[in-house]
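Participant: Handing you a structure now.
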Amino acid sequence: MSEKIAVRMSGIVKRFPGVIANDGVNFDAREGEVHALLGENGAGKSTLSNILTGLYRPDNGEIELNGESISFSSPRAALNAGIGMVHQHFRLVSSFTVAENVVLGDESTGTFLNAGDVAQKVEELSQRYNLAVDPRARVWQLSVGEQQRVEILKVLYRGARILILDEPTAVLTPQEADALFITLRAMVKEGRTVIFISHKLDEVMAVSDRVTVLRGGRTVGTIETAHSSRRELARLMVGREVVFDRVERKINSSDKETVLRVNAVSALDDRGNKALNDVSLTIKTGEVLGVAGVSGNGQRELAEVIAGMRHASAGTISVNEKEIPNGKVRHAISAGIAHVPEDRLHTGLASSHSIEDNLILKSYRTQPISRYSVLRRKAIQENASQLVEQYDVKTPSTETPVRLLSGGNVQKVLLAREFSANPKVLIAASPTRGLDVGAIENVRSHIVAAADSGVGVLLISEDLEELLSLSDRIVVLYEGRIVGDLPTSSATRESLGLLMGGVALEEHTS
Amino acid sequence: MKSPLRLERRLTQPKKLNWLVPLISIAAALALGAIVLLLTGKNPLSAYHRILETAFTSKSSFSGTLVSATPLAFTGLCAALTFRAGIINIGGEGQFFMGAVGATLAGLALSGQPTAIIILSMVVMGALFGGLYAVIAGVLKAKFNTNEIITTLMLNYLAGIFLNYLIFGSTSYWRDPQSMGFPTGKQLQPRAFWPSLHIVGFTVPLGFLLATILGMLLWFLYARTRFGYEVNVIADAPSAARYAGMRTRWKIISVMAIAGAVAGFGGASDVGDFRHVLDAKGLQLAGYGYTGIVVAALARYNPVSAVTVAILMGGLTNAGYALQGPNFPSGLVGTLQGLILFTAVAGEVLTRYRIRTQKSGALSEVAA
């Protein structure tokens, strides 16, 4: 890493109607470093990177590129100056090949495309940077991780010296994320600069050379990663101490009754392949059962089968030892099963609808929300204002569409609705994914409080830290089977990791 | 390509846009129409004055406008209901025809009964025929996920052919056996004619009054009932609907049945209020079903607005009859109507997006 400053932003101010997104931000990144931009949702990270890539113009402040003051009129101008952005939501044409996507929008290619040349160049780039992807494959055939590699290749192909990655690991499996980190290291080794936007402390610690922490639109500080710690970064990010240790629980559930029994359940995924294979598990009242596993090993199907959204091809599900009909959401709801799905905005909520309407999504058939098939506006409004207050949802009004809320508040609305039904069982699928530290704490404390009040919780998560700190027991799903069932006290990251990778417990203990 | 203007998605849709946008759309259409009129050597001001006069301002002409508006109110409601539910039902036309077939059957068969019973039976039969006809496309969509645009459009042609068959191709119950040279339908008895109401000097067809009441009921259905809530969630967030245990397929079929019944009701009104016969050619020439889609779009799929917009469109049609003549081709009236649709669609975009100049250049998402 050289000491040469590649890009410097000083005194950046950007106002939006009603908010100051950047309020005098100072930031600089050196040549050949991975520089993390860390902050909670709403801290101003995305605004800052949008200014750097020419999407927004700052109201105030200065940008220097290699020591020269510049201003960009468009993302294209920024790209021509060597600044490229890899967006969180991909901008690819799914029916085009990888190579076609890479050259899309590149004016230097002229009118006619030499497909062979492009493919060859893409291949070179992908080998050099460990970005395995077939240039001739069509984008719709690619996995999410591969699509991200195409986005990175696009930016590299245009010769970007400074790459900005906006929460690149949000969509990746842990393995894909590790591969991405290797790529990033390879790029900075050649003198490129990587600006890595994230709110995940672990990966910031793992991949970055320096960290700039933003809070409330201001720079809190820039520090060398090696001289910092997770705890320090967390404190800088939220402005107070954050507890990451195991949450103390009131109830010991050893002699409680079984509230959820999943008995020998099998199920198919959307494509008709077997996703769950003879899965049995039980949860007692007040118990948190963690489900570990690499995403795509049947977690989603397990949650959906229990919630009645998916038919079980075999087996039964019982709440309080009473079997509930197979694949019937309404019966699952009335049996007391609450469900916080992975896709909050589109499955758990109707995001274009108001908070009010979303809070009745499961109770609109019952009194007092409706009577004789007619909805009662007044009851709906009362329900909303009560829950918004109780769960501290930050919103201008209860009529605000859910999609305008921040990630943490979206999850609060969902939790408020699910808990207000006084459930017996809670299925929570990746309940803290994508949330900032403050919101994560909030969600976890709600889950713990529910368990303490006697709710049986099925916590599905890829975050081992979360499972280890919240669960009483942990089961591991691998290729649709439960390959391990162990009390949290005897589980470690290593033992879980091996099970998640398909290594049976006996093999590595013996 | 750089453009100084760009569209930016609105975060919220202010309520006032609901009436402001249609108003501006119509003003813009009139302005564009003025250019067309000027180019063809007509004085736009006097033409618009005549439109106003012949369609809206005098009592007798406004009554004529209500006549033209009646079928459009029904087909507009039909389209509004389905489009709001995320179902692109182009089949108001065919459902209207089938309603006319059912209602004529009732009107002819019950000709000896009291007027009230005849009218009631015509409404029920019209709604039943239109509803069942729409259910065909509804079931296909719900069970096999067929594209309803195609099926409903095809069913329109089928319904037209069916009308021709009943009057021209067979000696059906609907055909008048006395009609020798050119086959026509059997006329209803005068006691089966729907009465007009006289309200503060205006002549209001019974059908129009019923459409207005229906519009309010349907608004209530969509805005204030469980059914409407479910339809809204299914349309906007199908995955959330499944998550909440809503029966999506059943709802699609129900919405199609209701919308088809409304169009069929319109067919009944058309026979009972105005034609008093199954007029195979006249129905197909009128194109009420398609104009109904325009009405619904202008009304932004709000049932109450649909009735209001139908009056406006009815007025334009009515003015068209009055205006056209040796020095005012009917095509100009059609042009004007087309312009209104065009600007309405543009206006619809403006309710969801706003125009930003490059300089103030903030784009799509909020500060994150």
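All residue names refer to the structure tokens as shown: chains lettered A, B, ... in order, residues numbered from 1 in each chain, ligands numbered from 1 in order.
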Can you build me a table of range 186-238 of chain B residues sitting at most 10 Å from range 349-363 of chain A, with the closest atom pair per residue and its distance in Å to one decimal, using only C-alpha atoms, sorted by chain and residue number, as a Markdown table?
Facilitator:
| residue | atom | partner | partner_atom | distance |
| --- | --- | --- | --- | --- |
| B:Tyr229 | CA | A:Asp357 | CA | 8.4 |
| B:Glu230 | CA | A:Leu361 | CA | 9.0 |
| B:Asn232 | CA | A:His353 | CA | 8.9 |
| B:Val233 | CA | A:Ala350 | CA | 6.6 |
| B:Ile234 | CA | A:Ala350 | CA | 9.0 |
| B:Ala235 | CA | A:Ala350 | CA | 9.9 |
| B:Asp236 | CA | A:Ala350 | CA | 7.0 |
| B:Ala237 | CA | A:Ala350 | CA | 5.2 |
| B:Pro238 | CA | A:Ala350 | CA | 8.4 |
Participant: As a list in words, please: the residues near Ala80 in chain B (cut-off 7 Å, only C-alpha atoms, same-chain neighbours under 3 positions excluded).
Facilitator: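 Neighbouring residues, sequence-local ones excluded: Gly76, Leu77, Phe83, Arg84, Ala296, Tyr301, Asn302 and Pro303 of chain B.
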Participant: Please determine, counting only C-alpha atoms, which residue among B:Tyr243, B:Trp250, B:Phe129, B:Phe62 has the shortest atom-to-atom distance to chain A.
Facilitator: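 Going through B:Tyr243, B:Trp250, B:Phe129, B:Phe62 one by one, the smallest distance to chain A is for B:Tyr243.
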Participant: Return as a count of residues only the full set of residues in range 113-211 of chain B whose backbone-based DSSP assignment is strand (DSSP E).
Facilitator: 8
Participant: Tell me, as a list in words, which residues lie within 8 Å of range 179-192 of chain A, counting only C-alpha atoms; anything in the same chain fewer than 6 positions away does not count.
Facilitator: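 Close residues of range 179-192 of chain A: Met1, Glu31, Gly32, Glu33, Val34, Tyr129, Asn130, Leu131, Arg161, Ile162, Leu163 and Val207 of chain A.
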Participant: Residues of the last selection are to be written out with C-alpha atoms, as a short mmCIF file (atom, residue, chain, number, x, y, z; two decimals), in the first residue's frame.
Facilitator:
data_model
loop_
_atom_site.label_atom_id
_atom_site.label_comp_id
_atom_site.auth_asym_id
_atom_site.auth_seq_id
_atom_site.Cartn_x
_atom_site.Cartn_y
_atom_site.Cartn_z
CA MET A 1 0.00 0.00 0.00
CA GLU A 31 -3.91 3.89 -3.79
CA GLY A 32 -3.76 0.16 -3.22
CA GLU A 33 -5.97 -0.09 -0.19
CA VAL A 34 -9.34 -1.54 0.69
CA TYR A 129 -8.88 -11.48 -10.45
CA ASN A 130 -10.28 -14.85 -9.47
CA LEU A 131 -13.69 -13.94 -10.87
CA ARG A 161 -8.88 2.48 -10.81
CA ILE A 162 -11.25 3.12 -7.96
CA LEU A 163 -14.00 0.58 -7.34
CA VAL A 207 -11.03 -7.26 4.40
#
Participant: Can you pull out the residues contacting Gly314 in chain B? Cut-off 8 Å, using only C-alpha atoms, and skip same-chain residues under 4 positions away; I want them as number ranges by chain.
Facilitator: B: 65-70, 72, 310, 318
Participant: What is the distance between CA of Thr347 in chain A and CA of Ser239 in chain B, in Å to one decimal?
Facilitator: 4.9 Å
Participant: What's the 7 Å shell around range 203-214 of chain B, counting only C-alpha atoms, without same-chain residues fewer than 4 positions away, as a list of chain:residue names?
Facilitator: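 Listed by chain and then number, they are B:Ser63, B:Leu66, B:Val67, B:Thr70, B:Ala73, B:Phe74, B:Trp194, B:Pro195, B:Ser196, B:Leu197, B:His198, B:Ile199, B:Leu218, B:Ser269, B:Asp273, B:Val307.
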Participant: Which residues are near range 23-33 of chain B? Cut-off 8 Å, only C-alpha atoms, ignore same chain within fewer than 6 positions. Put them as a ChimeraX atom specification.
Facilitator: /B:44,335-336,339-340,342-344,346-347
Participant: Running DSSP on the backbone, which parts of range 217-289 of chain B land in alpha helix (DSSP H), as a PyMOL selection string?
Facilitator: chain B and resi 217-224+226-236+238-243+248-269+280-286+288-289
Participant: Pull C-alpha atoms from the residues just selected and write them as a PDB file, in the first residue's frame.
Facilitator:
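Final file, again-v7.pdb:
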ATOM      1  CA  LEU B 217     -71.382   0.196  -3.862  1.00  0.00           C
ATOM      2  CA  LEU B 218     -68.331  -1.031  -5.714  1.00  0.00           C
ATOM      3  CA  TRP B 219     -66.227   1.768  -4.282  1.00  0.00           C
ATOM      4  CA  PHE B 220     -67.343   0.607  -0.841  1.00  0.00           C
ATOM      5  CA  LEU B 221     -66.540  -2.985  -1.747  1.00  0.00           C
ATOM      6  CA  TYR B 222     -62.983  -2.119  -2.707  1.00  0.00           C
ATOM      7  CA  ALA B 223     -62.212   0.502  -0.078  1.00  0.00           C
ATOM      8  CA  ARG B 224     -64.001  -0.748   2.988  1.00  0.00           C
ATOM      9  CA  ARG B 226     -62.332  -7.562   3.619  1.00  0.00           C
ATOM     10  CA  PHE B 227     -62.863  -8.547   0.020  1.00  0.00           C
ATOM     11  CA  GLY B 228     -61.489  -5.244  -1.231  1.00  0.00           C
ATOM     12  CA  TYR B 229     -58.554  -5.417   1.159  1.00  0.00           C
ATOM     13  CA  GLU B 230     -57.640  -8.871  -0.100  1.00  0.00           C
ATOM     14  CA  VAL B 231     -57.959  -7.812  -3.731  1.00  0.00           C
ATOM     15  CA  ASN B 232     -55.659  -4.851  -3.102  1.00  0.00           C
ATOM     16  CA  VAL B 233     -53.016  -6.968  -1.384  1.00  0.00           C
ATOM     17  CA  ILE B 234     -53.188  -9.663  -4.051  1.00  0.00           C
ATOM     18  CA  ALA B 235     -52.786  -7.052  -6.785  1.00  0.00           C
ATOM     19  CA  ASP B 236     -49.878  -5.191  -5.189  1.00  0.00           C
ATOM     20  CA  PRO B 238     -49.002 -11.426  -4.395  1.00  0.00           C
ATOM     21  CA  SER B 239     -46.341 -13.005  -2.224  1.00  0.00           C
ATOM     22  CA  ALA B 240     -47.618 -11.224   0.890  1.00  0.00           C
ATOM     23  CA  ALA B 241     -51.124 -12.385   0.008  1.00  0.00           C
ATOM     24  CA  ARG B 242     -49.970 -15.989  -0.011  1.00  0.00           C
ATOM     25  CA  TYR B 243     -48.145 -15.375   3.261  1.00  0.00           C
ATOM     26  CA  THR B 248     -55.633 -15.740  -4.614  1.00  0.00           C
ATOM     27  CA  ARG B 249     -57.174 -17.986  -7.265  1.00  0.00           C
ATOM     28  CA  TRP B 250     -60.612 -17.761  -5.823  1.00  0.00           C
ATOM     29  CA  LYS B 251     -60.275 -13.983  -5.684  1.00  0.00           C
ATOM     30  CA  ILE B 252     -59.285 -13.741  -9.342  1.00  0.00           C
ATOM     31  CA  ILE B 253     -62.357 -15.717 -10.316  1.00  0.00           C
ATOM     32  CA  SER B 254     -64.596 -13.638  -8.031  1.00  0.00           C
ATOM     33  CA  VAL B 255     -63.298 -10.334  -9.373  1.00  0.00           C
ATOM     34  CA  MET B 256     -63.839 -11.504 -12.947  1.00  0.00           C
ATOM     35  CA  ALA B 257     -67.340 -12.679 -12.070  1.00  0.00           C
ATOM     36  CA  ILE B 258     -68.242  -9.338 -10.476  1.00  0.00           C
ATOM     37  CA  ALA B 259     -66.720  -7.295 -13.290  1.00  0.00           C
ATOM     38  CA  GLY B 260     -68.410  -9.447 -15.926  1.00  0.00           C
ATOM     39  CA  ALA B 261     -71.712  -9.122 -14.095  1.00  0.00           C
ATOM     40  CA  VAL B 262     -71.326  -5.336 -14.091  1.00  0.00           C
ATOM     41  CA  ALA B 263     -70.665  -5.308 -17.842  1.00  0.00           C
ATOM     42  CA  GLY B 264     -73.596  -7.690 -18.329  1.00  0.00           C
ATOM     43  CA  PHE B 265     -75.764  -5.358 -16.254  1.00  0.00           C
ATOM     44  CA  GLY B 266     -74.716  -2.685 -18.743  1.00  0.00           C
ATOM     45  CA  GLY B 267     -75.821  -4.885 -21.611  1.00  0.00           C
ATOM     46  CA  ALA B 268     -79.195  -5.310 -19.897  1.00  0.00           C
ATOM     47  CA  SER B 269     -79.509  -1.569 -19.465  1.00  0.00           C
ATOM     48  CA  ALA B 280     -76.191  -7.463 -33.198  1.00  0.00           C
ATOM     49  CA  LYS B 281     -74.673  -4.905 -35.561  1.00  0.00           C
ATOM     50  CA  GLY B 282     -75.272  -1.833 -33.399  1.00  0.00           C
ATOM     51  CA  LEU B 283     -73.698  -3.380 -30.318  1.00  0.00           C
ATOM     52  CA  GLN B 284     -70.567  -4.357 -32.192  1.00  0.00           C
ATOM     53  CA  LEU B 285     -70.225  -0.954 -33.830  1.00  0.00           C
ATOM     54  CA  ALA B 286     -70.531   0.883 -30.531  1.00  0.00           C
ATOM     55  CA  TYR B 288     -68.547   0.280 -25.414  1.00  0.00           C
ATOM     56  CA  GLY B 289     -66.247  -2.288 -23.869  1.00  0.00           C
TER      57      GLY B 289
END
Participant: Can you tell me which residues surround Val204 in chain A at a distance of at most 8 Å, considering only C-alpha atoms, apart from same-chain residues fewer than 5 positions away, and format the answer as number ranges by chain?
Facilitator: A: 36, 38, 198-199, 211
Participant: Taking into account only C-alpha atoms, which residue in the set A:Ala332, A:Ala160, A:Val262, A:Ile83 is nearest to chain B?
Facilitator: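 Distance minimum relative to chain B lands on A:Ala332.
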Participant: Which residues of chain A come within 6 Å of chain B, and what is each one's closest atom pair and distance in Å (one decimal), counting only C-alpha atoms, sorted by chain and residue number, as a Markdown table?
Facilitator:
| residue | atom | partner | partner_atom | distance |
| --- | --- | --- | --- | --- |
| A:Ala21 | CA | B:Ala367 | CA | 5.9 |
| A:Gly42 | CA | B:Ala368 | CA | 4.7 |
| A:Gly44 | CA | B:Ala368 | CA | 5.9 |
| A:Ser46 | CA | B:Ala368 | CA | 5.5 |
| A:Thr47 | CA | B:Ala367 | CA | 5.7 |
| A:Tyr56 | CA | B:Ala362 | CA | 5.9 |
| A:Val329 | CA | B:Gly245 | CA | 4.7 |
| A:Arg330 | CA | B:Gly245 | CA | 5.3 |
| A:Thr347 | CA | B:Ala240 | CA | 4.1 |
| A:Gly348 | CA | B:Ala240 | CA | 5.7 |
| A:Leu349 | CA | B:Ala240 | CA | 5.7 |
| A:Ala350 | CA | B:Ala237 | CA | 5.2 |
| A:Lys362 | CA | B:Ala244 | CA | 5.7 |
| A:Ser373 | CA | B:Arg226 | CA | 5.4 |
| A:Val374 | CA | B:Thr225 | CA | 4.2 |
| A:Leu375 | CA | B:Thr225 | CA | 5.0 |
